[in-house]
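J.: First, the structure itself, so that you have it in front of you.
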Amino acid sequence: MELIGSSYKGDTKNGRMDGKGEYTFPTETKYEGEMKDGMLHGKGVLHFPNGSKYEATWENGIAKQGSFTFADGLQYQEKDWDYCDGYDRRFYSERCNGLRPAGESQLTDLHPPRLIPDGCYDCGDGFYDPNSRVVTSHTGRFLRNADDSEHEWIVRTCRKAWDEVAGVDPEMSVATIPKETSNVN
């Protein structure tokens, strides 16, 4: 375990995890619960570094039934999921606490939003640097290298550290077209 950066505290049998214990993965995700023959087995909870959790019943290392709760307390529902659908795009905190006053935009579920390091993107579970193609946690810990697909998705959809008006061609903007050629009155 030490070789790959994981650790275990708890009951053992024949040198293997067995009984109740806490297994910490190299990503700092922690499993607390029952083990059998070195595997997750029985009731247990995976606690993710971002504060979300997955509570499940496990059989020989495979989750058979479980529920996922996001860091903000929103519980995922497999059926009749109405959060962030095409009709209601509010953040969960807005659903719970109401909308912010006019003129106070809420850019993320966290208000005020995290400050993004220069040249980076906020990709949800951390910050992405497109030059190094590395995703780090919000505290600066390495999470992963982004492949081409993830890089393209982050650059296309995630919040940036810099201000940029999306979808506007400055040369065609009403603000930059000379008054005599503009159709705007």
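Simple scheme: letters A, B, ... for chains in structure tokens order, numbers from 1 for residues in each chain, numbers from 1 for ligands in the order shown.
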Need to verify the contact set: region 54-71 of chain A, 7 Å, only C-alpha atoms, exclusion of same-chain residues closer than 6 positions in sequence. Can you return it as a list in words?
T.: Met39, Leu40, His41, Gly42, Lys43, Gly44, Val45, Leu46 and His47 of chain A
J.: From a DSSP pass on the backbone, collect the residues of chain A flagged as alpha helix (DSSP H) and hand them back as a list in words.
T.: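 These are the residues in question: Tyr92, Ser93, Glu94, Arg95, Cys96, Asn97, Asp148, Ser149, Glu150, His151, Glu152, Trp153, Ile154, Val155, Arg156 and Thr157 of chain A.
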J.: With only C-alpha atoms as the counted atoms, please give the residues lying no more than 10 Å from Asn50 (chain A), apart from itself and same-chain residues fewer than 5 positions off, as a list in words.
T.: Glu28, Thr29, Phe70, Ala71, Asp72, Gly124, Asp125, Gly126, Ser137 and His138 of chain A
J.: Could you pull the residues within 6 Å of region 4-21 of chain A, counting only C-alpha atoms, minus those fewer than 5 positions along the same chain, as a list in words?
T.: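 Close residues of region 4-21 of chain A: Pro26, Glu32, Gly33, Glu34, Met35, Lys36, Asp37 and Gly38 of chain A.
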J.: Of the candidates A:Arg144, A:Arg114, A:Arg133, A:Lys53, which one gets nearest to Arg159 (chain A) if we count only C-alpha atoms?
T.: A:Arg114
J.: Need to verify the contact set: Leu115 (chain A), 10 Å, only C-alpha atoms, exclusion of same-chain residues closer than 4 positions in sequence. Can you return it as a count of residues only?
T.: 5
J.: Using only C-alpha atoms, can you tell me which of A:Trp153, A:Trp162, A:Phe142, A:Tyr83 comes closest to Pro117 (chain A)?
T.: A:Trp162
J.: Near region 89-103 of chain A, counting only C-alpha atoms, which residues have an atom at most 12 Å away, once you skip same-chain residues fewer than 3 positions from it, shown as a PDB file with N, CA and C atoms, in the first residue's frame?
T.:
ATOM      1  N   PHE A  70     -23.615  15.207  -3.158  1.00  0.00           N
ATOM      2  CA  PHE A  70     -22.638  16.212  -3.540  1.00  0.00           C
ATOM      3  C   PHE A  70     -22.164  16.979  -2.308  1.00  0.00           C
ATOM      4  N   ALA A  71     -21.056  17.691  -2.433  1.00  0.00           N
ATOM      5  CA  ALA A  71     -20.457  18.419  -1.318  1.00  0.00           C
ATOM      6  C   ALA A  71     -21.407  19.456  -0.721  1.00  0.00           C
ATOM      7  N   ASP A  72     -22.310  19.995  -1.538  1.00  0.00           N
ATOM      8  CA  ASP A  72     -23.236  21.010  -1.039  1.00  0.00           C
ATOM      9  C   ASP A  72     -24.486  20.418  -0.400  1.00  0.00           C
ATOM     10  N   GLY A  73     -24.566  19.084  -0.332  1.00  0.00           N
ATOM     11  CA  GLY A  73     -25.707  18.431   0.315  1.00  0.00           C
ATOM     12  C   GLY A  73     -26.757  17.914  -0.649  1.00  0.00           C
ATOM     13  N   LEU A  74     -26.668  18.261  -1.916  1.00  0.00           N
ATOM     14  CA  LEU A  74     -27.627  17.772  -2.907  1.00  0.00           C
ATOM     15  C   LEU A  74     -27.447  16.275  -3.088  1.00  0.00           C
ATOM     16  N   GLN A  75     -28.539  15.543  -2.952  1.00  0.00           N
ATOM     17  CA  GLN A  75     -28.467  14.087  -3.129  1.00  0.00           C
ATOM     18  C   GLN A  75     -28.915  13.729  -4.540  1.00  0.00           C
ATOM     19  N   TYR A  76     -28.068  12.940  -5.228  1.00  0.00           N
ATOM     20  CA  TYR A  76     -28.370  12.525  -6.596  1.00  0.00           C
ATOM     21  C   TYR A  76     -29.547  11.555  -6.586  1.00  0.00           C
ATOM     22  N   ASP A  82     -34.566  16.472 -11.208  1.00  0.00           N
ATOM     23  CA  ASP A  82     -35.016  17.747 -11.757  1.00  0.00           C
ATOM     24  C   ASP A  82     -34.013  18.868 -11.539  1.00  0.00           C
ATOM     25  N   TYR A  83     -32.842  18.529 -11.019  1.00  0.00           N
ATOM     26  CA  TYR A  83     -31.833  19.562 -10.794  1.00  0.00           C
ATOM     27  C   TYR A  83     -31.045  19.822 -12.072  1.00  0.00           C
ATOM     28  N   CYS A  84     -30.870  21.074 -12.403  1.00  0.00           N
ATOM     29  CA  CYS A  84     -30.055  21.507 -13.538  1.00  0.00           C
ATOM     30  C   CYS A  84     -30.502  20.847 -14.842  1.00  0.00           C
ATOM     31  N   ASP A  85     -31.808  20.851 -15.059  1.00  0.00           N
ATOM     32  CA  ASP A  85     -32.329  20.315 -16.312  1.00  0.00           C
ATOM     33  C   ASP A  85     -32.523  21.473 -17.297  1.00  0.00           C
ATOM     34  N   GLY A  86     -33.102  21.230 -18.421  1.00  0.00           N
ATOM     35  CA  GLY A  86     -33.276  22.265 -19.425  1.00  0.00           C
ATOM     36  C   GLY A  86     -34.224  23.376 -19.024  1.00  0.00           C
ATOM     37  N   GLN A 106     -24.519  35.047  -9.729  1.00  0.00           N
ATOM     38  CA  GLN A 106     -23.897  33.916  -9.049  1.00  0.00           C
ATOM     39  C   GLN A 106     -23.270  33.048 -10.127  1.00  0.00           C
ATOM     40  N   LEU A 107     -21.926  33.011 -10.168  1.00  0.00           N
ATOM     41  CA  LEU A 107     -21.204  32.319 -11.229  1.00  0.00           C
ATOM     42  C   LEU A 107     -21.035  30.837 -10.972  1.00  0.00           C
ATOM     43  N   THR A 108     -21.036  30.429  -9.699  1.00  0.00           N
ATOM     44  CA  THR A 108     -20.869  29.034  -9.322  1.00  0.00           C
ATOM     45  C   THR A 108     -21.799  28.742  -8.165  1.00  0.00           C
ATOM     46  N   ASP A 109     -21.890  27.485  -7.757  1.00  0.00           N
ATOM     47  CA  ASP A 109     -22.710  27.159  -6.598  1.00  0.00           C
ATOM     48  C   ASP A 109     -22.139  27.792  -5.337  1.00  0.00           C
ATOM     49  N   LEU A 110     -20.833  27.993  -5.314  1.00  0.00           N
ATOM     50  CA  LEU A 110     -20.154  28.624  -4.184  1.00  0.00           C
ATOM     51  C   LEU A 110     -20.168  30.133  -4.411  1.00  0.00           C
ATOM     52  N   HIS A 111     -20.691  30.887  -3.445  1.00  0.00           N
ATOM     53  CA  HIS A 111     -20.725  32.344  -3.594  1.00  0.00           C
ATOM     54  C   HIS A 111     -20.079  32.999  -2.398  1.00  0.00           C
ATOM     55  N   PRO A 112     -19.078  33.859  -2.558  1.00  0.00           N
ATOM     56  CA  PRO A 112     -18.473  34.199  -3.844  1.00  0.00           C
ATOM     57  C   PRO A 112     -17.668  33.022  -4.391  1.00  0.00           C
TER      58      PRO A 112
END
J.: Could you please write out, as a PyMOL selection string, every residue of region 25-184 of chain A that DSSP assigns to strand (DSSP E or B)?
T.: chain A and resi 30-36+39-47+53-59+62-69+75+121-122+127-129+134-136+142-145+159-160
J.: How many Å lie between CA of Pro130 (chain A) and CA of His151 (chain A), rounded to one decimal?
T.: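 One can read the CA of Pro130 (chain A) to CA of His151 (chain A) distance as 7.2 Å.
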J.: Which distance in Å separates CA of Gln77 (chain A) and CA of Gly51 (chain A), to one decimal?
T.: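 So the answer is 18.0 Å.
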J.: Using only C-alpha atoms, which of the listed residues (A:Arg141, A:Asp163, A:Tyr128, A:Tyr121) sits closest to Pro49 (chain A)?
T.: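 Between A:Arg141, A:Asp163, A:Tyr128, A:Tyr121, the residue approaching Pro49 (chain A) most closely is A:Arg141.
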